[in-house]
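Input: a single structure, listed below in structure tokens.
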Amino acid sequence: MKKVDYLIIASIFVFITMIYMFIYRPYISKSSDKIQLIINNEEIDSFYLYEEITYEIKSINNQILIYKNDSLFKTIDNKNIKNIYNKIKIENRKVQVIDSNCIHKDCMNMEIKDTNKLPIICTNGITIKYKTKSNNTSDIIT
């Protein structure tokens, strides 16, 4: 074999490696990343981006009721005494706030996808963000 043949084989190998690194690998590694739902600085739930879930969060009589897929999931005390209503949808590897009673409704224009790791922050005290190692209490060394 000539040097040109080795060069062609090496360039094909590098090309295939680049395709794997830039196209397929992000989807494989991100499928294991969890996203967390936080209300008033308290983690309510965490989920994977590939799940299909609908959360409905509303406040009634100093309580915040969290519905997950139309069934009551959790109840917490409403310390703000603020009227809260948010509807969050996780579908097609995308997280969106589809309804909210906050003032500016900026949270409804944000979304989390595989390629967008920026958090969704609502003025109602609701935050949706990727869960990092520092957020996991089992990783903290005491």
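Residues in the structure tokens are named by chain (A, B, ... in the order shown) and by number from 1 within that chain; ligands are numbered from 1 in the order shown.
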Test item: residues at most 7 Å from Glu111 (chain A), only C-alpha atoms, excluding those fewer than 4 positions along its chain, as a PyMOL selection string: chain A and resi 94-96+120
Could you turn the residues from that selection into a file that holds C-alpha atoms, as a CSV table (one decimal), in the first residue's frame?
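again.csv was written with the following content:
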chain,number,residue,atom,x,y,z
A,94,LYS,CA,-38.9,19.5,25.0
A,95,VAL,CA,-40.1,21.3,28.2
A,96,GLN,CA,-42.5,24.2,27.9
A,120,ILE,CA,-37.0,28.3,32.6
Strand (DSSP E) positions in chain A, given as a PyMOL selection string: chain A and resi 34-39+42-48+53-60+63-68+71-77+85-91+94-100+111-112+120-121+126-130
Straight-line distance linking CA of Tyr48 (chain A) with CA of Asn101 (chain A), stated in Å to one decimal: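 Going from CA of Tyr48 (chain A) over to CA of Asn101 (chain A), I get 25.7 Å.
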Spatial neighbours of Glu91 (chain A), max dist 12 Å, only C-alpha atoms, sep filter under 6 positions, as a ChimeraX atom specification: /A:47-55,97-98,111-113
Applying 12 Å and only C-alpha atoms, which residues near region 67-77 of chain A remain after dropping the ones on its own chain fewer than 4 positions away? List them as a PDB file with N, CA and C atoms, in the first residue's frame.
ATOM      1  N   LEU A  37     -37.945  20.119  38.610  1.00  0.00           N
ATOM      2  CA  LEU A  37     -38.993  21.109  38.789  1.00  0.00           C
ATOM      3  C   LEU A  37     -38.863  21.637  40.206  1.00  0.00           C
ATOM      4  N   ILE A  38     -38.671  22.950  40.338  1.00  0.00           N
ATOM      5  CA  ILE A  38     -38.441  23.583  41.635  1.00  0.00           C
ATOM      6  C   ILE A  38     -39.523  24.634  41.863  1.00  0.00           C
ATOM      7  N   ILE A  39     -40.134  24.593  43.037  1.00  0.00           N
ATOM      8  CA  ILE A  39     -41.113  25.611  43.419  1.00  0.00           C
ATOM      9  C   ILE A  39     -40.667  26.206  44.739  1.00  0.00           C
ATOM     10  N   ASN A  40     -40.501  27.524  44.782  1.00  0.00           N
ATOM     11  CA  ASN A  40     -40.052  28.253  45.982  1.00  0.00           C
ATOM     12  C   ASN A  40     -38.794  27.624  46.570  1.00  0.00           C
ATOM     13  N   GLU A  42     -37.634  24.666  46.422  1.00  0.00           N
ATOM     14  CA  GLU A  42     -37.789  23.294  46.896  1.00  0.00           C
ATOM     15  C   GLU A  42     -37.993  22.389  45.685  1.00  0.00           C
ATOM     16  N   GLU A  43     -37.136  21.367  45.564  1.00  0.00           N
ATOM     17  CA  GLU A  43     -37.285  20.449  44.431  1.00  0.00           C
ATOM     18  C   GLU A  43     -38.546  19.611  44.615  1.00  0.00           C
ATOM     19  N   ILE A  44     -39.410  19.659  43.632  1.00  0.00           N
ATOM     20  CA  ILE A  44     -40.680  18.946  43.670  1.00  0.00           C
ATOM     21  C   ILE A  44     -40.563  17.593  42.988  1.00  0.00           C
ATOM     22  N   ASP A  45     -39.942  17.574  41.821  1.00  0.00           N
ATOM     23  CA  ASP A  45     -39.828  16.340  41.053  1.00  0.00           C
ATOM     24  C   ASP A  45     -38.669  16.478  40.080  1.00  0.00           C
ATOM     25  N   SER A  46     -38.162  15.351  39.616  1.00  0.00           N
ATOM     26  CA  SER A  46     -37.171  15.351  38.549  1.00  0.00           C
ATOM     27  C   SER A  46     -37.590  14.299  37.527  1.00  0.00           C
ATOM     28  N   PHE A  47     -37.249  14.550  36.287  1.00  0.00           N
ATOM     29  CA  PHE A  47     -37.715  13.695  35.197  1.00  0.00           C
ATOM     30  C   PHE A  47     -36.712  13.747  34.064  1.00  0.00           C
ATOM     31  N   GLU A  51     -39.458  11.699  28.685  1.00  0.00           N
ATOM     32  CA  GLU A  51     -40.759  11.354  29.265  1.00  0.00           C
ATOM     33  C   GLU A  51     -41.839  12.300  28.732  1.00  0.00           C
ATOM     34  N   GLU A  52     -43.078  11.846  28.795  1.00  0.00           N
ATOM     35  CA  GLU A  52     -44.208  12.691  28.423  1.00  0.00           C
ATOM     36  C   GLU A  52     -45.051  12.930  29.665  1.00  0.00           C
ATOM     37  N   ILE A  53     -44.939  14.152  30.194  1.00  0.00           N
ATOM     38  CA  ILE A  53     -45.594  14.501  31.458  1.00  0.00           C
ATOM     39  C   ILE A  53     -46.243  15.873  31.302  1.00  0.00           C
ATOM     40  N   THR A  54     -47.358  16.063  31.996  1.00  0.00           N
ATOM     41  CA  THR A  54     -47.977  17.379  32.107  1.00  0.00           C
ATOM     42  C   THR A  54     -48.137  17.689  33.591  1.00  0.00           C
ATOM     43  N   TYR A  55     -47.600  18.818  34.015  1.00  0.00           N
ATOM     44  CA  TYR A  55     -47.760  19.296  35.390  1.00  0.00           C
ATOM     45  C   TYR A  55     -48.733  20.462  35.376  1.00  0.00           C
ATOM     46  N   GLU A  56     -49.613  20.472  36.345  1.00  0.00           N
ATOM     47  CA  GLU A  56     -50.481  21.626  36.555  1.00  0.00           C
ATOM     48  C   GLU A  56     -50.282  22.057  37.999  1.00  0.00           C
ATOM     49  N   ILE A  57     -49.896  23.302  38.183  1.00  0.00           N
ATOM     50  CA  ILE A  57     -49.561  23.817  39.507  1.00  0.00           C
ATOM     51  C   ILE A  57     -50.511  24.966  39.801  1.00  0.00           C
ATOM     52  N   LYS A  58     -51.249  24.860  40.902  1.00  0.00           N
ATOM     53  CA  LYS A  58     -52.167  25.937  41.272  1.00  0.00           C
ATOM     54  C   LYS A  58     -52.244  26.070  42.777  1.00  0.00           C
ATOM     55  N   SER A  59     -52.498  27.285  43.213  1.00  0.00           N
ATOM     56  CA  SER A  59     -52.589  27.537  44.650  1.00  0.00           C
ATOM     57  C   SER A  59     -54.054  27.720  45.039  1.00  0.00           C
ATOM     58  N   ILE A  60     -54.424  27.060  46.132  1.00  0.00           N
ATOM     59  CA  ILE A  60     -55.776  27.153  46.674  1.00  0.00           C
ATOM     60  C   ILE A  60     -55.653  27.169  48.197  1.00  0.00           C
ATOM     61  N   ASN A  61     -56.168  28.217  48.843  1.00  0.00           N
ATOM     62  CA  ASN A  61     -56.217  28.301  50.309  1.00  0.00           C
ATOM     63  C   ASN A  61     -54.881  27.998  50.981  1.00  0.00           C
ATOM     64  N   ASN A  62     -53.868  28.793  50.692  1.00  0.00           N
ATOM     65  CA  ASN A  62     -52.534  28.677  51.285  1.00  0.00           C
ATOM     66  C   ASN A  62     -51.865  27.323  51.005  1.00  0.00           C
ATOM     67  N   GLN A  63     -52.283  26.623  49.993  1.00  0.00           N
ATOM     68  CA  GLN A  63     -51.676  25.364  49.579  1.00  0.00           C
ATOM     69  C   GLN A  63     -51.349  25.448  48.087  1.00  0.00           C
ATOM     70  N   ILE A  81     -48.445  33.293  49.772  1.00  0.00           N
ATOM     71  CA  ILE A  81     -49.853  33.680  49.715  1.00  0.00           C
ATOM     72  C   ILE A  81     -50.132  34.391  48.380  1.00  0.00           C
ATOM     73  N   LYS A  82     -49.537  33.876  47.337  1.00  0.00           N
ATOM     74  CA  LYS A  82     -49.672  34.430  46.005  1.00  0.00           C
ATOM     75  C   LYS A  82     -50.479  33.451  45.163  1.00  0.00           C
ATOM     76  N   TYR A  85     -50.649  29.835  39.114  1.00  0.00           N
ATOM     77  CA  TYR A  85     -51.169  28.854  38.164  1.00  0.00           C
ATOM     78  C   TYR A  85     -50.155  28.699  37.043  1.00  0.00           C
ATOM     79  N   ASN A  86     -49.657  27.494  36.850  1.00  0.00           N
ATOM     80  CA  ASN A  86     -48.756  27.180  35.750  1.00  0.00           C
ATOM     81  C   ASN A  86     -49.103  25.805  35.208  1.00  0.00           C
ATOM     82  N   LYS A  87     -48.977  25.663  33.912  1.00  0.00           N
ATOM     83  CA  LYS A  87     -49.133  24.361  33.277  1.00  0.00           C
ATOM     84  C   LYS A  87     -47.870  24.102  32.465  1.00  0.00           C
ATOM     85  N   ILE A  88     -47.205  22.985  32.767  1.00  0.00           N
ATOM     86  CA  ILE A  88     -45.919  22.655  32.162  1.00  0.00           C
ATOM     87  C   ILE A  88     -46.077  21.348  31.394  1.00  0.00           C
ATOM     88  N   LYS A  89     -45.550  21.331  30.189  1.00  0.00           N
ATOM     89  CA  LYS A  89     -45.682  20.145  29.340  1.00  0.00           C
ATOM     90  C   LYS A  89     -44.304  19.656  28.912  1.00  0.00           C
ATOM     91  N   ILE A  90     -44.057  18.355  29.109  1.00  0.00           N
ATOM     92  CA  ILE A  90     -42.835  17.709  28.645  1.00  0.00           C
ATOM     93  C   ILE A  90     -43.264  16.746  27.555  1.00  0.00           C
TER      94      ILE A  90
END
Return as a Markdown table the residues of region 50-135 of chain A lying at most 12 Å from region 2-26 of chain A, together with the closest atom-to-atom pair for each and the distance in Å to one decimal, counting only C-alpha atoms, with rows in chain order and ascending residue number.
| residue | atom | partner | partner_atom | distance |
| --- | --- | --- | --- | --- |
| A:Lys113 | CA | A:Pro26 | CA | 11.7 |
| A:Asp114 | CA | A:Pro26 | CA | 7.9 |
| A:Thr115 | CA | A:Pro26 | CA | 8.5 |
| A:Asn116 | CA | A:Pro26 | CA | 11.8 |
Saved selection, atoms kept: N, CA and C atoms, as a tab-separated table (two decimals), in the first residue's frame:
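Written out: again30.tsv:
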chain	number	residue	atom	x	y	z
A	113	LYS	N	-34.59	22.04	25.63
A	113	LYS	CA	-34.45	20.96	24.66
A	113	LYS	C	-33.10	20.29	24.87
A	114	ASP	N	-32.80	19.33	24.02
A	114	ASP	CA	-31.48	18.69	24.06
A	114	ASP	C	-30.37	19.70	23.84
A	115	THR	N	-30.62	20.65	22.97
A	115	THR	CA	-29.58	21.60	22.59
A	115	THR	C	-29.62	22.89	23.42
A	116	ASN	N	-30.66	23.10	24.20
A	116	ASN	CA	-30.81	24.32	24.99
A	116	ASN	C	-30.87	23.95	26.47
Shortest interatomic distance to Ile128 (chain A) - which of A:Ile84, A:Cys102, A:Ile64, A:Cys107, counting only C-alpha atoms: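 Nearest candidate to Ile128 (chain A) out of A:Ile84, A:Cys102, A:Ile64, A:Cys107: A:Cys107.
Closest approach to Met110 (chain A) among A:Asn124, A:Lys79, A:Gln36, A:Lys129: A:Lys129, based on only C-alpha atoms.
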All helix (DSSP H, G or I) residues (DSSP, backbone) inside chain A, as number ranges by chain: A: 3-30, 106-109, 133-135, 137-139
Produce a file of the selected residues containing N, CA and C atoms, as a short mmCIF file (atom, residue, chain, number, x, y, z; two decimals), in the first residue's frame.
data_model
loop_
_atom_site.label_atom_id
_atom_site.label_comp_id
_atom_site.auth_asym_id
_atom_site.auth_seq_id
_atom_site.Cartn_x
_atom_site.Cartn_y
_atom_site.Cartn_z
N LYS A 3 1.50 5.46 0.61
CA LYS A 3 1.23 6.44 1.66
C LYS A 3 -0.11 7.12 1.46
N VAL A 4 -0.52 7.31 0.22
CA VAL A 4 -1.80 7.95 -0.09
C VAL A 4 -2.95 7.07 0.43
N ASP A 5 -2.82 5.76 0.30
CA ASP A 5 -3.86 4.85 0.79
C ASP A 5 -4.03 4.97 2.30
N TYR A 6 -2.89 5.02 3.01
CA TYR A 6 -2.96 5.18 4.47
C TYR A 6 -3.60 6.52 4.85
N LEU A 7 -3.29 7.54 4.08
CA LEU A 7 -3.85 8.87 4.34
C LEU A 7 -5.37 8.86 4.11
N ILE A 8 -5.82 8.20 3.08
CA ILE A 8 -7.26 8.11 2.80
C ILE A 8 -7.97 7.33 3.91
N ILE A 9 -7.41 6.22 4.33
CA ILE A 9 -8.01 5.42 5.40
C ILE A 9 -8.06 6.21 6.69
N ALA A 10 -7.00 6.92 7.03
CA ALA A 10 -6.96 7.73 8.25
C ALA A 10 -7.98 8.87 8.18
N SER A 11 -8.12 9.50 7.03
CA SER A 11 -9.09 10.60 6.92
C SER A 11 -10.52 10.09 7.00
N ILE A 12 -10.80 8.91 6.47
CA ILE A 12 -12.13 8.31 6.60
C ILE A 12 -12.42 8.00 8.06
N PHE A 13 -11.45 7.46 8.77
CA PHE A 13 -11.61 7.16 10.19
C PHE A 13 -11.88 8.44 11.00
N VAL A 14 -11.14 9.49 10.72
CA VAL A 14 -11.34 10.77 11.42
C VAL A 14 -12.72 11.33 11.10
N PHE A 15 -13.15 11.23 9.86
CA PHE A 15 -14.47 11.72 9.45
C PHE A 15 -15.59 10.98 10.17
N ILE A 16 -15.49 9.66 10.24
CA ILE A 16 -16.50 8.86 10.94
C ILE A 16 -16.50 9.18 12.43
N THR A 17 -15.36 9.36 13.02
CA THR A 17 -15.27 9.73 14.44
C THR A 17 -15.91 11.10 14.68
N MET A 18 -15.70 12.04 13.79
CA MET A 18 -16.30 13.37 13.95
C MET A 18 -17.82 13.29 13.84
N ILE A 19 -18.32 12.49 12.91
CA ILE A 19 -19.77 12.33 12.79
C ILE A 19 -20.35 11.79 14.09
N TYR A 20 -19.70 10.79 14.66
CA TYR A 20 -20.17 10.22 15.92
C TYR A 20 -20.13 11.27 17.04
N MET A 21 -19.05 12.00 17.15
CA MET A 21 -18.88 12.95 18.26
C MET A 21 -19.87 14.12 18.17
N PHE A 22 -20.15 14.60 16.99
CA PHE A 22 -20.96 15.81 16.86
C PHE A 22 -22.43 15.56 16.56
N ILE A 23 -22.77 14.37 16.10
CA ILE A 23 -24.17 14.12 15.77
C ILE A 23 -24.81 13.14 16.73
N TYR A 24 -24.24 11.97 16.91
CA TYR A 24 -24.89 10.93 17.70
C TYR A 24 -24.62 11.02 19.19
N ARG A 25 -23.45 11.39 19.58
CA ARG A 25 -23.09 11.38 20.99
C ARG A 25 -23.90 12.34 21.85
N PRO A 26 -24.21 13.56 21.41
CA PRO A 26 -25.02 14.44 22.27
C PRO A 26 -26.37 13.85 22.65
N TYR A 27 -27.00 13.11 21.74
CA TYR A 27 -28.30 12.53 22.05
C TYR A 27 -28.17 11.37 23.02
N ILE A 28 -27.09 10.62 22.94
CA ILE A 28 -26.89 9.50 23.85
C ILE A 28 -26.59 10.02 25.25
N SER A 29 -25.69 10.97 25.38
CA SER A 29 -25.31 11.45 26.71
C SER A 29 -26.42 12.27 27.36
N LYS A 30 -27.18 13.01 26.59
CA LYS A 30 -28.21 13.85 27.18
C LYS A 30 -29.45 13.08 27.56
N ASP A 106 -43.07 35.71 30.39
CA ASP A 106 -41.81 35.41 29.71
C ASP A 106 -41.50 33.92 29.76
N CYS A 107 -41.94 33.24 30.81
CA CYS A 107 -41.66 31.81 30.94
C CYS A 107 -42.31 31.01 29.82
N MET A 108 -43.38 31.53 29.25
CA MET A 108 -44.07 30.82 28.17
C MET A 108 -43.30 30.91 26.86
N ASN A 109 -42.33 31.81 26.77
CA ASN A 109 -41.50 31.95 25.57
C ASN A 109 -40.19 31.19 25.68
N LYS A 133 -24.63 17.75 38.99
CA LYS A 133 -24.07 16.95 40.09
C LYS A 133 -24.09 17.72 41.40
N SER A 134 -23.89 19.04 41.36
CA SER A 134 -23.88 19.83 42.59
C SER A 134 -25.27 19.96 43.20
N ASN A 135 -26.34 19.74 42.40
CA ASN A 135 -27.70 19.79 42.92
C ASN A 135 -28.10 18.48 43.59
N THR A 137 -28.00 15.79 46.28
CA THR A 137 -27.56 15.76 47.66
C THR A 137 -26.72 14.53 47.98
N SER A 138 -26.86 13.47 47.18
CA SER A 138 -26.05 12.28 47.45
C SER A 138 -24.59 12.47 47.05
N ASP A 139 -24.29 13.50 46.26
CA ASP A 139 -22.93 13.75 45.83
C ASP A 139 -22.17 14.68 46.79
#
Atom pair CA of Lys131 (chain A) / CA of Ile35 (chain A): separation (Å):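 Going from CA of Lys131 (chain A) over to CA of Ile35 (chain A), I get 5.2 Å.
The space separating CA of Arg93 (chain A) from CA of Ile121 (chain A) comes to 18.6 Å.
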Nearest-residue call for Ile103 (chain A), choices A:Thr123, A:Asn41, A:Asn78, A:Thr132, using only C-alpha atoms: A:Thr123
